[in-house]
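Next comes run-v7.json, with JSON, C-alpha atoms.
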```json
[["chain", "number", "residue", "atom", "x", "y", "z"],
["B", 1, "CYS", "CA", 6.86, 6.73, 14.32],
["B", 2, "MET", "CA", 4.66, 3.65, 14.82],
["B", 3, "GLY", "CA", 6.05, 1.83, 11.81],
["B", 4, "ALA", "CA", 9.67, 2.17, 12.85],
["B", 5, "CYS", "CA", 9.77, 2.32, 16.65],
["B", 6, "PRO", "CA", 7.69, 0.27, 19.07],
["B", 7, "VAL", "CA", 8.23, 2.75, 21.93],
["B", 8, "ARG", "CA", 7.82, 6.29, 20.59],
["B", 9, "VAL", "CA", 5.08, 5.92, 18.07],
["B", 10, "ILE", "CA", 2.41, 7.75, 16.17],
["B", 11, "SER", "CA", -0.19, 5.68, 17.92],
["B", 12, "PHE", "CA", -3.93, 5.49, 17.66],
["B", 13, "GLU", "CA", -6.57, 4.02, 19.90],
["B", 14, "ASN", "CA", -7.84, 0.62, 18.69],
["B", 15, "TYR", "CA", -5.13, 0.45, 16.01],
["B", 16, "SER", "CA", -1.91, -1.50, 16.24],
["B", 17, "VAL", "CA", 0.85, -3.04, 14.17],
["B", 18, "ASN", "CA", -0.60, -6.47, 14.96],
["B", 19, "THR", "CA", -4.12, -5.50, 13.82],
["B", 20, "VAL", "CA", -3.01, -4.45, 10.35],
["B", 21, "GLY", "CA", -0.53, -7.32, 10.14],
["B", 22, "ALA", "CA", -3.36, -9.77, 10.86],
["B", 23, "GLN", "CA", -5.47, -8.18, 8.11],
["B", 24, "ILE", "CA", -2.63, -8.57, 5.61],
["B", 25, "LYS", "CA", -2.20, -12.22, 6.51],
["B", 26, "ALA", "CA", -5.96, -12.87, 6.43],
["B", 27, "VAL", "CA", -6.55, -11.50, 2.92],
["B", 28, "ASP", "CA", -7.10, -14.43, 0.59],
["B", 29, "ILE", "CA", -7.02, -14.37, -3.18],
["B", 30, "PRO", "CA", -8.65, -17.34, -4.94],
["B", 31, "ASP", "CA", -6.42, -19.70, -6.94],
["B", 32, "GLU", "CA", -7.91, -18.65, -10.28],
["B", 33, "PHE", "CA", -6.13, -15.32, -9.83],
["B", 34, "SER", "CA", -2.74, -16.99, -9.40],
["B", 35, "GLU", "CA", -1.37, -15.81, -12.76],
["B", 36, "LYS", "CA", -2.55, -12.20, -12.46],
["B", 37, "PRO", "CA", -0.60, -9.55, -10.56],
["B", 38, "ARG", "CA", -1.74, -9.57, -6.95],
["B", 39, "ILE", "CA", -1.58, -6.07, -5.51],
["B", 40, "LEU", "CA", -2.06, -4.99, -1.92],
["B", 41, "ILE", "CA", -2.96, -1.35, -1.38],
["B", 42, "LEU", "CA", -2.37, 0.23, 2.01],
["B", 43, "ALA", "CA", -4.51, 3.36, 1.71],
["B", 44, "CYS", "CA", -4.72, 6.37, 4.01],
["B", 45, "GLU", "CA", -8.21, 6.32, 5.49],
["B", 46, "ASN", "CA", -8.61, 10.09, 5.19],
["B", 47, "ASP", "CA", -7.88, 10.78, 1.51],
["B", 48, "ALA", "CA", -6.82, 7.73, -0.52],
["B", 49, "TYR", "CA", -9.43, 5.30, 0.79],
["B", 50, "PRO", "CA", -12.36, 7.71, 0.23],
["B", 51, "ALA", "CA", -11.00, 8.45, -3.27],
["B", 52, "LEU", "CA", -10.94, 4.69, -3.99],
["B", 53, "ASP", "CA", -14.45, 4.34, -2.56],
["B", 54, "MET", "CA", -15.81, 7.21, -4.65],
["B", 55, "ALA", "CA", -14.05, 5.86, -7.76],
["B", 56, "GLY", "CA", -15.91, 2.58, -7.25],
["B", 57, "MET", "CA", -19.23, 4.33, -6.64],
["B", 58, "SER", "CA", -18.65, 6.31, -9.85],
["B", 59, "HIS", "CA", -18.12, 3.00, -11.72],
["B", 60, "ASN", "CA", -14.50, 3.85, -12.54],
["B", 61, "GLU", "CA", -12.92, 0.46, -13.16],
["B", 62, "TYR", "CA", -9.58, -0.72, -11.87],
["B", 63, "SER", "CA", -7.85, -4.08, -11.61],
["B", 64, "ALA", "CA", -9.95, -6.74, -9.89],
["B", 65, "PHE", "CA", -6.77, -8.28, -8.51],
["B", 66, "VAL", "CA", -6.31, -5.53, -5.92],
["B", 67, "ARG", "CA", -6.95, -5.94, -2.22],
["B", 68, "ILE", "CA", -7.25, -2.74, -0.17],
["B", 69, "ILE", "CA", -6.60, -2.28, 3.53],
["B", 70, "PRO", "CA", -7.32, 1.17, 4.97],
["B", 71, "ILE", "CA", -4.64, 2.43, 7.32],
["B", 72, "ARG", "CA", -4.86, 5.29, 9.77],
["B", 73, "CYS", "CA", -1.90, 7.15, 8.28],
["B", 74, "LEU", "CA", 0.98, 6.43, 5.90],
["B", 75, "GLY", "CA", 3.23, 7.39, 8.82],
["B", 76, "SER", "CA", 2.04, 4.26, 10.63],
["B", 77, "VAL", "CA", 3.15, 1.84, 7.89],
["B", 78, "ASN", "CA", 5.58, -0.76, 9.14],
["B", 79, "THR", "CA", 8.06, -2.35, 6.73],
["B", 80, "ILE", "CA", 7.11, -5.70, 8.23],
["B", 81, "TRP", "CA", 3.64, -5.29, 6.67],
["B", 82, "ILE", "CA", 5.26, -4.88, 3.27],
["B", 83, "THR", "CA", 7.60, -7.84, 3.66],
["B", 84, "ASP", "CA", 4.75, -9.99, 5.02],
["B", 85, "ALA", "CA", 2.64, -9.15, 1.96],
["B", 86, "LEU", "CA", 5.47, -9.86, -0.48],
["B", 87, "ASN", "CA", 6.42, -13.07, 1.34],
["B", 88, "ALA", "CA", 2.77, -14.16, 1.14],
["B", 89, "GLY", "CA", 2.93, -13.97, -2.67],
["B", 90, "TYR", "CA", 1.65, -10.51, -3.48],
["B", 91, "ASP", "CA", 3.33, -9.22, -6.62],
["B", 92, "GLY", "CA", 3.31, -5.62, -5.42],
["B", 93, "VAL", "CA", 2.33, -3.24, -2.66],
["B", 94, "MET", "CA", 0.97, 0.26, -3.28],
["B", 95, "LEU", "CA", 1.15, 2.82, -0.49],
["B", 96, "MET", "CA", -1.37, 5.59, -0.96],
["B", 97, "GLY", "CA", -0.91, 8.59, 1.31],
["B", 98, "CYS", "CA", -1.74, 12.27, 1.47],
["B", 99, "LYS", "CA", -0.41, 14.83, -1.00],
["B", 100, "SER", "CA", 2.68, 16.79, 0.00],
["B", 101, "GLY", "CA", 4.04, 20.20, -0.98],
["B", 102, "ASP", "CA", 2.14, 23.49, -0.82],
["B", 103, "GLU", "CA", -1.17, 21.63, -0.61],
["B", 104, "TYR", "CA", -0.01, 19.18, 2.10],
["B", 105, "GLN", "CA", -3.13, 17.48, 3.39],
["B", 106, "CYS", "CA", -1.99, 15.01, 6.07],
["B", 107, "HIS", "CA", -4.55, 14.84, 8.87],
["B", 108, "PHE", "CA", -1.79, 13.79, 11.28],
["B", 109, "VAL", "CA", 0.51, 16.75, 10.54],
["B", 110, "LYS", "CA", 3.66, 15.02, 9.24],
["B", 111, "GLY", "CA", 2.56, 11.39, 8.99],
["B", 112, "SER", "CA", 2.81, 10.98, 5.22],
["B", 113, "GLU", "CA", 6.12, 12.80, 5.21],
["B", 114, "LEU", "CA", 7.52, 10.45, 7.87],
["B", 115, "GLY", "CA", 6.20, 7.45, 5.97],
["B", 116, "ARG", "CA", 7.82, 8.58, 2.73],
["B", 117, "VAL", "CA", 11.20, 9.05, 4.41],
["B", 118, "ARG", "CA", 11.00, 5.53, 5.83],
["B", 119, "MET", "CA", 9.76, 4.01, 2.56],
["B", 120, "SER", "CA", 12.63, 5.64, 0.65],
["B", 121, "LYS", "CA", 14.79, 3.00, 2.33],
["B", 122, "ILE", "CA", 12.57, 0.04, 1.37],
["B", 123, "ASP", "CA", 14.87, -0.79, -1.57],
["B", 124, "ASP", "CA", 17.42, -2.21, 0.89],
["B", 125, "THR", "CA", 14.79, -4.55, 2.31],
["B", 126, "LEU", "CA", 13.71, -5.61, -1.17],
["B", 127, "LYS", "CA", 17.32, -6.32, -2.17],
["B", 128, "THR", "CA", 17.66, -8.53, 0.92],
["B", 129, "LEU", "CA", 14.63, -10.49, -0.32],
["B", 130, "ASN", "CA", 16.04, -10.57, -3.88],
["B", 131, "LEU", "CA", 13.04, -8.60, -5.13],
["B", 132, "GLU", "CA", 12.80, -5.73, -7.59],
["B", 133, "SER", "CA", 12.23, -2.18, -6.31],
["B", 134, "GLU", "CA", 9.18, -1.92, -8.62],
["B", 135, "ARG", "CA", 7.28, -4.21, -6.26],
["B", 136, "VAL", "CA", 6.60, -1.31, -3.87],
["B", 137, "ARG", "CA", 5.06, 1.95, -5.05],
["B", 138, "ASP", "CA", 4.46, 5.05, -2.92],
["B", 139, "LEU", "CA", 1.81, 7.41, -4.30],
["B", 140, "GLU", "CA", 0.30, 10.70, -3.23],
["B", 141, "VAL", "CA", -3.48, 10.80, -3.45],
["B", 142, "ALA", "CA", -5.95, 13.59, -2.80],
["B", 143, "ILE", "CA", -9.53, 12.85, -1.85],
["B", 144, "THR", "CA", -10.52, 14.43, -5.18],
["B", 145, "ASP", "CA", -8.42, 12.00, -7.27],
["B", 146, "ILE", "CA", -11.46, 9.89, -8.16],
["B", 147, "GLU", "CA", -10.53, 9.66, -11.85],
["B", 148, "ARG", "CA", -6.77, 9.41, -11.28],
["B", 149, "VAL", "CA", -6.75, 6.55, -8.73],
["B", 150, "PRO", "CA", -8.02, 3.84, -11.12],
["B", 151, "GLU", "CA", -5.46, 4.97, -13.72],
["B", 152, "MET", "CA", -2.64, 4.69, -11.17],
["B", 153, "ILE", "CA", -3.74, 1.18, -10.16],
["B", 154, "ASN", "CA", -4.12, -0.05, -13.74],
["B", 155, "LYS", "CA", -0.74, 1.42, -14.75],
["B", 156, "TYR", "CA", 0.93, -0.27, -11.77],
["B", 157, "ALA", "CA", -0.76, -3.60, -12.56],
["B", 158, "ALA", "CA", 0.61, -3.40, -16.13],
["B", 159, "GLU", "CA", 4.10, -2.62, -14.80],
["B", 160, "LEU", "CA", 3.93, -5.65, -12.50],
["B", 161, "VAL", "CA", 2.99, -7.87, -15.45],
["B", 162, "ALA", "CA", 6.23, -6.74, -17.10],
["B", 163, "VAL", "CA", 8.23, -7.38, -13.89],
["B", 164, "GLY", "CA", 6.74, -10.85, -13.62],
["B", 165, "PRO", "CA", 5.10, -12.84, -10.84],
["B", 166, "SER", "CA", 6.48, -12.84, -7.34],
["B", 167, "PRO", "CA", 9.07, -15.56, -6.78],
["B", 168, "PHE", "CA", 7.31, -16.27, -3.47],
["B", 169, "LYS", "CA", 4.01, -17.26, -5.12],
["B", 170, "GLY", "CA", 2.86, -20.66, -3.98],
["B", 171, "PHE", "CA", 5.11, -20.85, -0.92]]
```
Take the structure in the file and write it out as structure tokens.
Amino acid sequence: CMGACPVRVISFENYSVNTVGAQIKAVDIPDEFSEKPRILILACENDAYPALDMAGMSHNEYSAFVRIIPIRCLGSVNTIWITDALNAGYDGVMLMGCKSGDEYQCHFVKGSELGRVRMSKIDDTLKTLNLESERVRDLEVAITDIERVPEMINKYAAELVAVGPSPFKGF
């Protein structure tokens, strides 16, 4: 899969590891937000991102300290993106992919499933960085989760407040 292997990848035209990595590094959060939990959301462009968009259009409020980057598929997420975000001072990273189970909705067949298998091993990476496992959250989102998405974000923001700010903030 694209996120784990540079040779045999779930690849997409005009979409690369470097493109998303550059977006993560380019996202800037003003200094006045330095004490709030900074959250990066990598959202599937087919279900999670439209749900976030519709939640905003419906005036459903969620934390203003969130930055969202749409990704082609959760199966394309590279652990380097997560470590780059955490090293840059984000307090947490939310991965929002398609629902699994009987109502599996992945537009790329098994992309979300592959991404979840890979992300189940992210704890080892976080331990290497001396970070808590709560800093990365993997969530299943349907395009119809307009009411649920803001609740998930706000709940995660509150959990990150309890965990505390990233030790990498300001570096």
Polymer residues at most 10 Å from range 42-54 of chain B, only C-alpha atoms, same-chain spacing of 5 or more positions, as an MDAnalysis selection string:
chainID B and resid 20 24 59:60 62 67:77 81:82 93:99 105:108 112 138:150
Pick from B:Arg118, B:Lys25, B:Arg137, B:Lys155, whichever lies nearest to Ala88 in chain B using all atoms listed in the file
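Closest residue, counting all atoms listed in the file: B:Lys25.
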Length of the CA of Asn87 in chain B to CA of Phe168 in chain B vector [Å]:
5.8 Å
Grab the CA of Thr79 in chain B to CA of Ala64 in chain B distance for me, in Å with one decimal place.
24.9 Å
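The shortest atom-to-atom distance to Pro37 in chain B, with all atoms listed in the file taken into account, belongs to B:Val66 out of B:Val66, B:Leu131, B:Leu126, B:Val136.
The space between CA of Thr125 in chain B and CA of Asp84 in chain B spans 11.7 Å.
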